[in-house]
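File shown: entry-v4.pdb (PDB, C-alpha atoms).
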ATOM      1  CA  MET A   1      52.963  67.594-123.880
ATOM      2  CA  LEU A   2      49.690  66.019-122.802
ATOM      3  CA  GLU A   3      48.820  62.667-124.348
ATOM      4  CA  LYS A   4      45.614  62.314-126.317
ATOM      5  CA  PRO A   5      42.828  60.599-124.370
ATOM      6  CA  ASN A   6      41.943  57.166-125.719
ATOM      7  CA  LEU A   7      39.465  54.345-125.248
ATOM      8  CA  ASN A   8      41.999  51.496-124.985
ATOM      9  CA  TYR A   9      41.191  50.671-121.375
ATOM     10  CA  ILE A  10      37.438  50.713-122.007
ATOM     11  CA  LYS A  11      37.849  48.454-125.061
ATOM     12  CA  ASP A  12      40.014  46.067-123.053
ATOM     13  CA  ILE A  13      37.441  45.738-120.284
ATOM     14  CA  SER A  14      34.449  45.585-122.641
ATOM     15  CA  GLU A  15      35.857  42.883-124.960
ATOM     16  CA  GLY A  16      33.309  43.963-127.537
ATOM     17  CA  ASP A  17      30.371  44.477-125.179
ATOM     18  CA  LYS A  18      28.882  47.572-126.879
ATOM     19  CA  ASN A  19      26.217  47.977-124.256
ATOM     20  CA  PHE A  20      28.840  48.337-121.543
ATOM     21  CA  GLU A  21      30.944  50.693-123.676
ATOM     22  CA  ASN A  22      27.951  52.942-124.374
ATOM     23  CA  ASN A  23      26.868  53.019-120.734
ATOM     24  CA  LEU A  24      30.357  53.836-119.510
ATOM     25  CA  LEU A  25      30.917  56.544-122.118
ATOM     26  CA  LEU A  26      27.523  58.050-121.370
ATOM     27  CA  SER A  27      28.400  58.108-117.682
ATOM     28  CA  LEU A  28      31.762  59.790-118.379
ATOM     29  CA  LYS A  29      30.212  62.318-120.765
ATOM     30  CA  THR A  30      27.503  63.172-118.236
ATOM     31  CA  GLU A  31      29.455  63.098-114.988
ATOM     32  CA  PHE A  32      32.787  64.631-116.004
ATOM     33  CA  PRO A  33      31.473  68.103-117.028
ATOM     34  CA  LYS A  34      29.220  68.243-113.959
ATOM     35  CA  GLU A  35      31.981  67.327-111.541
ATOM     36  CA  TYR A  36      34.363  69.713-113.288
ATOM     37  CA  GLU A  37      31.913  72.586-112.819
ATOM     38  CA  ILE A  38      31.482  71.715-109.145
ATOM     39  CA  LEU A  39      35.266  71.705-108.741
ATOM     40  CA  LYS A  40      35.583  75.155-110.327
ATOM     41  CA  ASN A  41      32.820  76.555-108.127
ATOM     42  CA  ASN A  42      34.376  75.123-104.994
ATOM     43  CA  PHE A  43      37.716  76.610-106.030
ATOM     44  CA  LYS A  44      36.112  80.036-106.511
ATOM     45  CA  GLN A  45      34.653  79.791-103.020
ATOM     46  CA  GLN A  46      38.014  78.604-101.682
ATOM     47  CA  ASN A  47      36.526  75.337-100.410
ATOM     48  CA  TYR A  48      39.837  73.637-101.011
ATOM     49  CA  LEU A  49      39.115  70.380 -99.213
ATOM     50  CA  LYS A  50      36.022  69.982-101.363
ATOM     51  CA  VAL A  51      38.148  70.710-104.440
ATOM     52  CA  ALA A  52      40.447  67.844-103.405
ATOM     53  CA  LEU A  53      37.453  65.509-103.096
ATOM     54  CA  ASN A  54      36.050  66.636-106.473
ATOM     55  CA  LEU A  55      39.410  66.071-108.074
ATOM     56  CA  HIS A  56      39.713  62.647-106.516
ATOM     57  CA  LYS A  57      36.524  61.597-108.287
ATOM     58  CA  LEU A  58      37.700  63.109-111.565
ATOM     59  CA  LYS A  59      41.019  61.265-111.285
ATOM     60  CA  HIS A  60      39.363  57.916-111.825
ATOM     61  CA  LYS A  61      37.747  59.188-115.015
ATOM     62  CA  ILE A  62      41.094  60.555-116.183
ATOM     63  CA  SER A  63      42.728  57.184-115.585
ATOM     64  CA  ILE A  64      40.018  55.411-117.587
ATOM     65  CA  LEU A  65      40.924  57.612-120.558
ATOM     66  CA  GLY A  66      44.555  56.441-120.543
ATOM     67  CA  ILE A  67      46.353  59.734-119.909
ATOM     68  CA  PRO A  68      48.965  59.107-117.209
ATOM     69  CA  LEU A  69      50.486  62.582-117.393
ATOM     70  CA  ALA A  70      47.082  64.183-116.804
ATOM     71  CA  PHE A  71      46.520  61.766-113.913
ATOM     72  CA  GLU A  72      49.853  62.806-112.412
ATOM     73  CA  ILE A  73      49.017  66.504-112.744
ATOM     74  CA  ALA A  74      45.644  65.905-111.064
ATOM     75  CA  SER A  75      47.229  63.833-108.278
ATOM     76  CA  ASP A  76      49.851  66.504-107.616
ATOM     77  CA  PHE A  77      47.218  69.228-107.469
ATOM     78  CA  GLU A  78      45.051  67.106-105.171
ATOM     79  CA  GLN A  79      47.953  67.064-102.693
ATOM     80  CA  ASP A  80      48.715  70.778-103.268
ATOM     81  CA  ILE A  81      45.172  71.967-102.685
ATOM     82  CA  LYS A  82      44.816  70.032 -99.439
ATOM     83  CA  LYS A  83      47.601  72.291 -98.168
ATOM     84  CA  GLY A  84      45.994  75.382 -99.694
ATOM     85  CA  HIS A  85      48.531  75.671-102.528
ATOM     86  CA  THR A  86      46.855  76.966-105.677
ATOM     87  CA  GLU A  87      49.842  77.741-107.933
ATOM     88  CA  ARG A  88      49.226  74.870-110.335
ATOM     89  CA  TYR A  89      45.482  75.461-110.745
ATOM     90  CA  GLU A  90      45.802  76.934-114.251
ATOM     91  CA  THR A  91      47.767  73.879-115.431
ATOM     92  CA  LEU A  92      45.066  71.639-114.021
ATOM     93  CA  LEU A  93      42.358  73.609-115.840
ATOM     94  CA  VAL A  94      44.174  73.188-119.180
ATOM     95  CA  VAL A  95      44.236  69.426-118.640
ATOM     96  CA  LEU A  96      40.599  69.159-117.532
ATOM     97  CA  ASP A  97      39.446  71.414-120.393
ATOM     98  CA  LYS A  98      41.164  69.148-122.909
ATOM     99  CA  ILE A  99      39.447  66.090-121.470
ATOM    100  CA  ASN A 100      36.114  67.891-121.474
ATOM    101  CA  VAL A 101      36.539  68.772-125.144
ATOM    102  CA  TYR A 102      37.512  65.181-125.950
ATOM    103  CA  LEU A 103      34.483  63.759-124.162
ATOM    104  CA  SER A 104      32.119  66.115-125.933
ATOM    105  CA  SER A 105      33.634  65.079-129.279
ATOM    106  CA  ILE A 106      33.036  61.328-128.965
TER     107      ILE A 106
ATOM    108  CA  MET B   1      29.948  33.864-105.396
ATOM    109  CA  THR B   2      27.847  36.909-104.439
ATOM    110  CA  CYS B   3      29.002  40.469-103.922
ATOM    111  CA  ILE B   4      27.924  44.083-103.546
ATOM    112  CA  ILE B   5      29.648  47.219-104.819
ATOM    113  CA  ILE B   6      29.959  50.391-102.734
ATOM    114  CA  ASP B   7      31.220  53.349-104.735
ATOM    115  CA  ASP B   8      29.838  56.838-105.246
ATOM    116  CA  ASP B   9      31.268  56.982-108.760
ATOM    117  CA  GLU B  10      29.020  55.471-111.427
ATOM    118  CA  SER B  11      31.855  54.755-113.870
ATOM    119  CA  SER B  12      33.676  52.749-111.173
ATOM    120  CA  ARG B  13      30.569  50.717-110.443
ATOM    121  CA  LEU B  14      30.037  50.002-114.136
ATOM    122  CA  ILE B  15      33.604  48.732-114.530
ATOM    123  CA  ILE B  16      33.502  46.516-111.450
ATOM    124  CA  LYS B  17      30.122  45.151-112.539
ATOM    125  CA  GLN B  18      31.510  44.329-115.974
ATOM    126  CA  LEU B  19      34.502  42.509-114.484
ATOM    127  CA  CYS B  20      32.231  40.596-112.106
ATOM    128  CA  LYS B  21      29.979  39.598-114.981
ATOM    129  CA  LYS B  22      32.922  38.351-117.000
ATOM    130  CA  TYR B  23      34.311  36.254-114.163
ATOM    131  CA  SER B  24      30.942  34.937-112.933
ATOM    132  CA  LEU B  25      30.601  36.867-109.695
ATOM    133  CA  THR B  26      26.987  37.771-108.969
ATOM    134  CA  VAL B  27      26.485  41.447-108.103
ATOM    135  CA  LYS B  28      23.491  41.469-105.755
ATOM    136  CA  LYS B  29      23.284  45.228-105.387
ATOM    137  CA  GLU B  30      25.294  48.408-105.804
ATOM    138  CA  PHE B  31      25.413  51.422-103.493
ATOM    139  CA  SER B  32      26.709  54.963-103.712
ATOM    140  CA  SER B  33      26.521  55.297 -99.918
ATOM    141  CA  ALA B  34      28.156  53.065 -97.299
ATOM    142  CA  ILE B  35      25.293  53.653 -94.856
ATOM    143  CA  GLU B  36      22.755  52.236 -97.324
ATOM    144  CA  ALA B  37      25.029  49.221 -97.784
ATOM    145  CA  ILE B  38      25.188  48.630 -94.018
ATOM    146  CA  LYS B  39      21.367  48.649 -93.851
ATOM    147  CA  TYR B  40      21.304  46.079 -96.666
ATOM    148  CA  LEU B  41      23.907  43.852 -94.998
ATOM    149  CA  ASN B  42      21.922  43.867 -91.761
ATOM    150  CA  THR B  43      19.396  41.625 -93.465
ATOM    151  CA  LYS B  44      21.249  40.029 -96.408
ATOM    152  CA  LYS B  45      24.430  38.010 -96.725
ATOM    153  CA  VAL B  46      27.042  38.270 -99.458
ATOM    154  CA  ALA B  47      30.529  36.793 -99.774
ATOM    155  CA  LEU B  48      32.359  39.871-101.013
ATOM    156  CA  VAL B  49      32.177  43.664-100.808
ATOM    157  CA  PHE B  50      33.953  45.898-103.322
ATOM    158  CA  LEU B  51      34.493  49.042-101.299
ATOM    159  CA  ASP B  52      35.704  52.491-102.298
ATOM    160  CA  ILE B  53      37.552  54.429 -99.588
ATOM    161  CA  HIS B  54      36.574  57.963-100.607
ATOM    162  CA  LEU B  55      32.854  58.088 -99.949
ATOM    163  CA  PRO B  56      30.857  61.155 -98.985
ATOM    164  CA  THR B  57      30.081  61.621 -95.254
ATOM    165  CA  PHE B  58      30.788  57.984 -94.249
ATOM    166  CA  SER B  59      34.100  56.675 -95.594
ATOM    167  CA  GLY B  60      35.107  53.148 -96.574
ATOM    168  CA  PHE B  61      37.133  52.824 -93.371
ATOM    169  CA  ASP B  62      34.089  53.945 -91.335
ATOM    170  CA  PHE B  63      32.179  51.160 -93.068
ATOM    171  CA  ILE B  64      34.807  48.547 -92.137
ATOM    172  CA  LYS B  65      34.825  49.681 -88.510
ATOM    173  CA  THR B  66      31.032  49.598 -88.300
ATOM    174  CA  ILE B  67      30.015  46.408 -90.050
ATOM    175  CA  ASN B  68      29.345  43.301 -87.963
ATOM    176  CA  ASN B  69      30.185  39.820 -89.290
ATOM    177  CA  SER B  70      31.889  41.423 -92.214
ATOM    178  CA  PRO B  71      32.025  39.728 -95.586
ATOM    179  CA  LYS B  72      35.445  39.689 -97.263
ATOM    180  CA  ILE B  73      36.289  43.215 -98.368
ATOM    181  CA  ILE B  74      38.149  44.279-101.479
ATOM    182  CA  ILE B  75      39.261  47.902-101.372
ATOM    183  CA  THR B  76      38.922  49.730-104.697
ATOM    184  CA  THR B  77      40.539  53.151-104.887
ATOM    185  CA  SER B  78      42.556  55.485-107.103
ATOM    186  CA  ASP B  79      44.855  56.069-104.163
ATOM    187  CA  LYS B  80      47.746  53.727-103.377
ATOM    188  CA  ASN B  81      48.450  55.432-100.057
ATOM    189  CA  TYR B  82      45.896  53.566 -97.973
ATOM    190  CA  ALA B  83      47.185  50.034 -98.574
ATOM    191  CA  LEU B  84      49.050  49.781 -95.279
ATOM    192  CA  GLU B  85      46.067  51.013 -93.276
ATOM    193  CA  ALA B  86      43.637  48.813 -95.245
ATOM    194  CA  PHE B  87      45.470  45.589 -94.441
ATOM    195  CA  GLU B  88      45.323  46.380 -90.741
ATOM    196  CA  TYR B  89      41.702  45.189 -90.997
ATOM    197  CA  LYS B  90      41.267  41.429 -90.992
ATOM    198  CA  SER B  91      38.271  41.525 -93.322
ATOM    199  CA  VAL B  92      40.269  43.238 -96.093
ATOM    200  CA  ILE B  93      41.586  40.598 -98.464
ATOM    201  CA  ASP B  94      42.735  42.685-101.417
ATOM    202  CA  TYR B  95      43.435  46.227-102.571
ATOM    203  CA  LEU B  96      42.640  47.055-106.186
ATOM    204  CA  VAL B  97      43.992  50.318-107.555
ATOM    205  CA  LYS B  98      41.740  51.983-110.129
ATOM    206  CA  PRO B  99      41.479  51.721-113.007
ATOM    207  CA  ILE B 100      41.271  47.999-112.318
ATOM    208  CA  THR B 101      42.836  45.957-115.103
ATOM    209  CA  GLN B 102      41.594  42.544-116.170
ATOM    210  CA  ASP B 103      44.926  41.047-115.198
ATOM    211  CA  ARG B 104      44.759  42.442-111.669
ATOM    212  CA  PHE B 105      41.141  41.313-111.293
ATOM    213  CA  LYS B 106      42.117  37.795-112.388
ATOM    214  CA  LYS B 107      44.874  37.740-109.766
ATOM    215  CA  PHE B 108      42.360  38.765-107.130
ATOM    216  CA  LEU B 109      40.117  35.876-108.185
ATOM    217  CA  GLU B 110      43.046  33.450-108.032
ATOM    218  CA  LYS B 111      43.565  34.561-104.469
ATOM    219  CA  ILE B 112      39.896  34.036-103.625
ATOM    220  CA  ASN B 113      40.011  30.616-105.225
ATOM    221  CA  ALA B 114      43.153  29.726-103.285
ATOM    222  CA  ASN B 115      41.337  30.656-100.075
ATOM    223  CA  THR B 116      38.389  28.507-101.101
ATOM    224  CA  VAL B 117      40.756  25.633-101.794
ATOM    225  CA  LYS B 118      42.262  26.163 -98.352
ATOM    226  CA  ILE B 119      38.870  25.862 -96.673
ATOM    227  CA  SER B 120      37.904  22.754 -98.599
ATOM    228  CA  LYS B 121      41.323  21.204 -97.973
ATOM    229  CA  ASN B 122      40.782  21.516 -94.266
ATOM    230  CA  LYS B 123      37.813  19.237 -94.701
ATOM    231  CA  SER B 124      39.431  16.788 -97.067
ATOM    232  CA  HIS B 125      42.650  14.795 -97.143
ATOM    233  CA  LEU B 126      46.066  16.381 -97.463
ATOM    234  CA  GLN B 127      47.187  17.059-101.023
ATOM    235  CA  LYS B 128      50.943  17.134-101.230
ATOM    236  CA  GLU B 129      51.347  19.701-104.019
ATOM    237  CA  ASN B 130      49.487  22.474-102.152
ATOM    238  CA  PHE B 131      51.552  22.263 -98.991
ATOM    239  CA  ILE B 132      55.061  22.490 -97.804
ATOM    240  CA  PHE B 133      56.388  21.028 -94.558
ATOM    241  CA  ILE B 134      58.981  23.052 -92.714
ATOM    242  CA  ASN B 135      61.134  22.168 -89.770
ATOM    243  CA  VAL B 136      60.415  24.590 -86.938
ATOM    244  CA  GLU B 137      62.036  23.811 -83.607
ATOM    245  CA  LYS B 138      62.297  20.088 -84.368
ATOM    246  CA  ARG B 139      58.681  19.949 -85.409
ATOM    247  CA  LEU B 140      57.414  19.498 -88.978
ATOM    248  CA  THR B 141      54.863  22.241 -89.597
ATOM    249  CA  LYS B 142      52.513  22.238 -92.569
ATOM    250  CA  ILE B 143      52.027  25.513 -94.502
ATOM    251  CA  LEU B 144      49.619  26.058 -97.351
ATOM    252  CA  ILE B 145      51.783  27.337-100.213
ATOM    253  CA  SER B 146      49.246  29.956-101.306
ATOM    254  CA  ASP B 147      49.394  31.433 -97.775
ATOM    255  CA  ILE B 148      53.046  32.376 -98.195
ATOM    256  CA  LEU B 149      53.414  36.099 -98.869
ATOM    257  CA  LEU B 150      57.190  36.253 -99.104
ATOM    258  CA  ILE B 151      60.403  34.634 -97.936
ATOM    259  CA  GLU B 152      63.417  36.541 -96.677
ATOM    260  CA  ALA B 153      66.951  35.176 -96.325
ATOM    261  CA  LYS B 154      68.543  35.873 -92.940
ATOM    262  CA  GLY B 155      72.050  34.407 -92.797
ATOM    263  CA  ASP B 156      71.758  30.619 -92.634
ATOM    264  CA  TYR B 157      68.015  30.906 -92.075
ATOM    265  CA  ILE B 158      64.973  31.967 -94.027
ATOM    266  CA  ASN B 159      61.968  33.832 -92.681
ATOM    267  CA  ILE B 160      58.680  32.681 -94.225
ATOM    268  CA  LYS B 161      55.928  35.266 -93.857
ATOM    269  CA  THR B 162      52.299  34.146 -94.143
ATOM    270  CA  ASP B 163      49.009  35.827 -93.393
ATOM    271  CA  GLU B 164      48.894  34.411 -89.897
ATOM    272  CA  LYS B 165      52.449  33.881 -88.801
ATOM    273  CA  ASN B 166      56.159  34.185 -89.546
ATOM    274  CA  TYR B 167      58.359  31.068 -89.511
ATOM    275  CA  THR B 168      62.147  31.006 -89.170
ATOM    276  CA  VAL B 169      63.626  27.924 -90.771
ATOM    277  CA  TYR B 170      67.180  26.659 -91.286
ATOM    278  CA  ALA B 171      67.335  26.600 -95.113
ATOM    279  CA  THR B 172      68.438  28.593 -98.132
ATOM    280  CA  LEU B 173      66.302  30.624-100.525
ATOM    281  CA  LYS B 174      67.384  28.339-103.370
ATOM    282  CA  LYS B 175      66.238  25.246-101.505
ATOM    283  CA  ILE B 176      62.764  26.576-100.795
ATOM    284  CA  LYS B 177      62.434  28.110-104.274
ATOM    285  CA  ASP B 178      62.818  24.619-105.769
ATOM    286  CA  LYS B 179      59.833  23.464-103.701
ATOM    287  CA  LEU B 180      57.512  26.306-104.721
ATOM    288  CA  PRO B 181      55.479  26.647-107.946
ATOM    289  CA  GLU B 182      57.375  28.847-110.423
ATOM    290  CA  SER B 183      54.111  30.268-111.704
ATOM    291  CA  LEU B 184      53.423  31.870-108.316
ATOM    292  CA  PHE B 185      56.796  32.645-106.734
ATOM    293  CA  LEU B 186      59.616  34.808-107.981
ATOM    294  CA  ARG B 187      63.006  35.825-106.649
ATOM    295  CA  ILE B 188      63.297  39.617-106.849
ATOM    296  CA  HIS B 189      66.371  40.204-104.706
ATOM    297  CA  ARG B 190      69.237  38.105-103.359
ATOM    298  CA  SER B 191      67.389  38.077-100.035
ATOM    299  CA  PHE B 192      63.748  37.882-101.143
ATOM    300  CA  ILE B 193      61.294  35.578-102.912
ATOM    301  CA  ILE B 194      57.741  36.878-103.267
ATOM    302  CA  ASN B 195      54.312  35.468-104.019
ATOM    303  CA  THR B 196      53.519  37.414-107.200
ATOM    304  CA  SER B 197      49.750  37.113-106.718
ATOM    305  CA  GLU B 198      50.133  39.240-103.568
ATOM    306  CA  ILE B 199      51.725  42.236-105.306
ATOM    307  CA  ILE B 200      49.767  45.430-104.660
ATOM    308  CA  ASP B 201      51.980  47.759-106.616
ATOM    309  CA  ILE B 202      55.487  48.289-107.887
ATOM    310  CA  GLU B 203      57.287  51.570-107.547
ATOM    311  CA  ASP B 204      60.830  52.205-108.823
ATOM    312  CA  ASN B 205      62.871  49.499-107.148
ATOM    313  CA  SER B 206      60.404  48.169-104.629
ATOM    314  CA  VAL B 207      57.292  46.026-104.476
ATOM    315  CA  LEU B 208      54.443  46.335-102.000
ATOM    316  CA  ILE B 209      53.203  42.977-100.649
ATOM    317  CA  ARG B 210      50.468  43.598 -98.104
ATOM    318  CA  LYS B 211      52.217  45.917 -95.655
ATOM    319  CA  TYR B 212      55.741  44.874 -96.633
ATOM    320  CA  VAL B 213      57.881  47.019 -98.931
ATOM    321  CA  ILE B 214      60.366  44.662-100.608
ATOM    322  CA  PRO B 215      63.402  45.805-102.620
ATOM    323  CA  VAL B 216      63.780  44.655-106.229
ATOM    324  CA  SER B 217      67.365  44.301-107.415
ATOM    325  CA  LYS B 218      68.449  45.202-110.946
ATOM    326  CA  THR B 219      69.318  41.554-111.705
ATOM    327  CA  TYR B 220      65.758  40.383-111.156
ATOM    328  CA  LYS B 221      63.765  43.441-112.233
ATOM    329  CA  SER B 222      63.384  42.461-115.906
ATOM    330  CA  GLU B 223      62.062  39.026-114.927
ATOM    331  CA  LEU B 224      59.552  40.667-112.610
ATOM    332  CA  ILE B 225      58.407  43.055-115.343
ATOM    333  CA  ASN B 226      58.076  40.122-117.776
ATOM    334  CA  ARG B 227      55.755  38.420-115.319
ATOM    335  CA  LEU B 228      53.387  41.373-115.266
ATOM    336  CA  ASN B 229      50.710  41.757-117.819
ATOM    337  CA  LEU B 230      51.514  45.387-118.498
ATOM    338  CA  LEU B 231      49.204  47.564-120.564
TER     339      LEU B 231
END
Take the structure in the file and give it back as structure tokens.
Amino acid sequence: MLEKPNLNYIKDISEGDKNFENNLLLSLKTEFPKEYEILKNNFKQQNYLKVALNLHKLKHKISILGIPLAFEIASDFEQDIKKGHTERYETLLVVLDKINVYLSSI
Amino acid sequence: MTCIIIDDDESSRLIIKQLCKKYSLTVKKEFSSAIEAIKYLNTKKVALVFLDIHLPTFSGFDFIKTINNSPKIIITTSDKNYALEAFEYKSVIDYLVKPITQDRFKKFLEKINANTVKISKNKSHLQKENFIFINVEKRLTKILISDILLIEAKGDYINIKTDEKNYTVYATLKKIKDKLPESLFLRIHRSFIINTSEIIDIEDNSVLIRKYVIPVSKTYKSELINRLNLL
């Protein structure tokens, strides 16, 4: 089962700096949905190398949110898609959807 | 100390900037493109470059190959797989895996400070506690302790690996361990002592130190884990 995203890493780095926290969260909330959409479009058009690059960028955001299992799923798919393997795409979408929902809720 | 950040991901830049601010590194400028950074460095000097590998059109490695009189480069990436390639470049001094923790950033700064100490020591008198003298072919050779990456036992000899050179010395691991600061060095296998500030990552039963993959034995693994500031 996928862990719940959390802000522990951000809090650790910020050490109470609210300005930093707000800027970083705003960046995640703005960039994640955009990059996710780009990934889905590239997948539809079978631009798999671009999908791998999109996912690479998303991976950092996933790691910030403290969800190692999601990071692992994304890393595995990044390797898969470079070889044209798409079997685990649906699993990836479930993970990315959950993160998207979380980011829109905070 | 001045630096620039090259990363096409805004969240990465924000985090590195925050860490720099906390540890008094001055971020002169940030770039989402390596080409823009090269143009900047053609006219300005900085001490450090935080460099992402995965950049659009012109990668981090392209940047390293292109830049003249390179500042010290710290690779920042979500990918552990490029460490071996990264350390092939002389200008690369560290490899930070994202998300960068405070503990790992502090270790990077300790390394920078050790290098600064090394430079200033060359200009000043010898300070006993920072050096070790080893007997190499009947000659006493001075090594800066912070330069030691790892030590491997080889029969009656030990092999001391540093940034620049490897030294084979007639001694035991125990003997050299007693001469090294406990805060920095740790035995992780019957045949290996490592400089813990040089650890890039740990996977199962091995540790990556620069380009060296070193085994960790069960006996020493818990002590190694205790040393780490795990999240």
Which of these residues is nearest to Lys83 (chain A), using all atoms listed in the file: A:Asn47, A:Asn23, A:Asn41, A:Ser14? A:Asn47
What do you get, as a list in words, if you spell out every residue that the PyMOL selection byres ((chain A and resi 40) around 12) selects here? Pro33, Lys34, Glu35, Tyr36, Glu37, Ile38, Leu39, Asn41, Asn42, Phe43, Lys44, Gln45, Gln46, Asn47, Tyr48, Lys50, Val51, Ala52, Asn54, Leu55, Tyr89, Glu90, Leu92, Leu93, Leu96 and Asp97 of chain A
Interface residues on chain A facing chain B, 12 Å, all atoms listed in the file, written as an NGL selection string: :A and (8-32 or 35 or 50 or 52-68 or 71-72 or 74-75 or 78-79)
Determine the residue membership of the PyMOL selection byres ((chain B and resi 26) around 8) for the file above and supply it as JSON, numbers by chain. {"B": [1, 2, 3, 20, 21, 24, 25, 27, 28]}
Which residues would end up in the selection if the PyMOL selection byres ((chain B and resi 179) around 12) were applied here, given that I need the answer as a VMD selection string? chain B and resid 128 to 134 145 171 to 178 180 to 185
Can you save region 146-158 of chain B of the given block to a file, including N, CA and C atoms and formatted as a PDB file, in the first residue's frame?
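Contents of decode.pdb, freshly written:
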ATOM      1  N   SER B 146      42.673  13.972   5.941  1.00  0.00           N
ATOM      2  CA  SER B 146      41.379  14.146   5.266  1.00  0.00           C
ATOM      3  C   SER B 146      41.415  13.725   3.798  1.00  0.00           C
ATOM      4  N   ASP B 147      42.635  13.530   3.248  1.00  0.00           N
ATOM      5  CA  ASP B 147      42.752  13.064   1.858  1.00  0.00           C
ATOM      6  C   ASP B 147      42.521  11.562   1.723  1.00  0.00           C
ATOM      7  N   ILE B 148      42.597  10.858   2.846  1.00  0.00           N
ATOM      8  CA  ILE B 148      42.474   9.393   2.780  1.00  0.00           C
ATOM      9  C   ILE B 148      41.016   9.018   2.516  1.00  0.00           C
ATOM     10  N   LEU B 149      40.798   8.260   1.459  1.00  0.00           N
ATOM     11  CA  LEU B 149      39.438   7.808   1.129  1.00  0.00           C
ATOM     12  C   LEU B 149      39.126   6.503   1.845  1.00  0.00           C
ATOM     13  N   LEU B 150      40.083   5.579   1.794  1.00  0.00           N
ATOM     14  CA  LEU B 150      39.872   4.281   2.437  1.00  0.00           C
ATOM     15  C   LEU B 150      41.205   3.562   2.574  1.00  0.00           C
ATOM     16  N   ILE B 151      41.194   2.541   3.422  1.00  0.00           N
ATOM     17  CA  ILE B 151      42.411   1.739   3.620  1.00  0.00           C
ATOM     18  C   ILE B 151      42.014   0.274   3.514  1.00  0.00           C
ATOM     19  N   GLU B 152      42.783  -0.468   2.734  1.00  0.00           N
ATOM     20  CA  GLU B 152      42.469  -1.883   2.532  1.00  0.00           C
ATOM     21  C   GLU B 152      43.624  -2.744   3.036  1.00  0.00           C
ATOM     22  N   ALA B 153      43.300  -3.788   3.790  1.00  0.00           N
ATOM     23  CA  ALA B 153      44.334  -4.716   4.257  1.00  0.00           C
ATOM     24  C   ALA B 153      44.675  -5.682   3.123  1.00  0.00           C
ATOM     25  N   LYS B 154      45.969  -5.898   2.931  1.00  0.00           N
ATOM     26  CA  LYS B 154      46.431  -6.842   1.898  1.00  0.00           C
ATOM     27  C   LYS B 154      47.553  -7.662   2.518  1.00  0.00           C
ATOM     28  N   GLY B 155      47.216  -8.762   3.163  1.00  0.00           N
ATOM     29  CA  GLY B 155      48.221  -9.589   3.828  1.00  0.00           C
ATOM     30  C   GLY B 155      48.901  -8.808   4.935  1.00  0.00           C
ATOM     31  N   ASP B 156      50.225  -8.726   4.879  1.00  0.00           N
ATOM     32  CA  ASP B 156      50.970  -7.990   5.913  1.00  0.00           C
ATOM     33  C   ASP B 156      51.020  -6.491   5.605  1.00  0.00           C
ATOM     34  N   TYR B 157      50.384  -6.091   4.534  1.00  0.00           N
ATOM     35  CA  TYR B 157      50.450  -4.688   4.114  1.00  0.00           C
ATOM     36  C   TYR B 157      49.067  -4.032   4.141  1.00  0.00           C
ATOM     37  N   ILE B 158      49.076  -2.724   4.093  1.00  0.00           N
ATOM     38  CA  ILE B 158      47.807  -2.014   3.894  1.00  0.00           C
ATOM     39  C   ILE B 158      47.956  -1.117   2.667  1.00  0.00           C
TER      40      ILE B 158
END
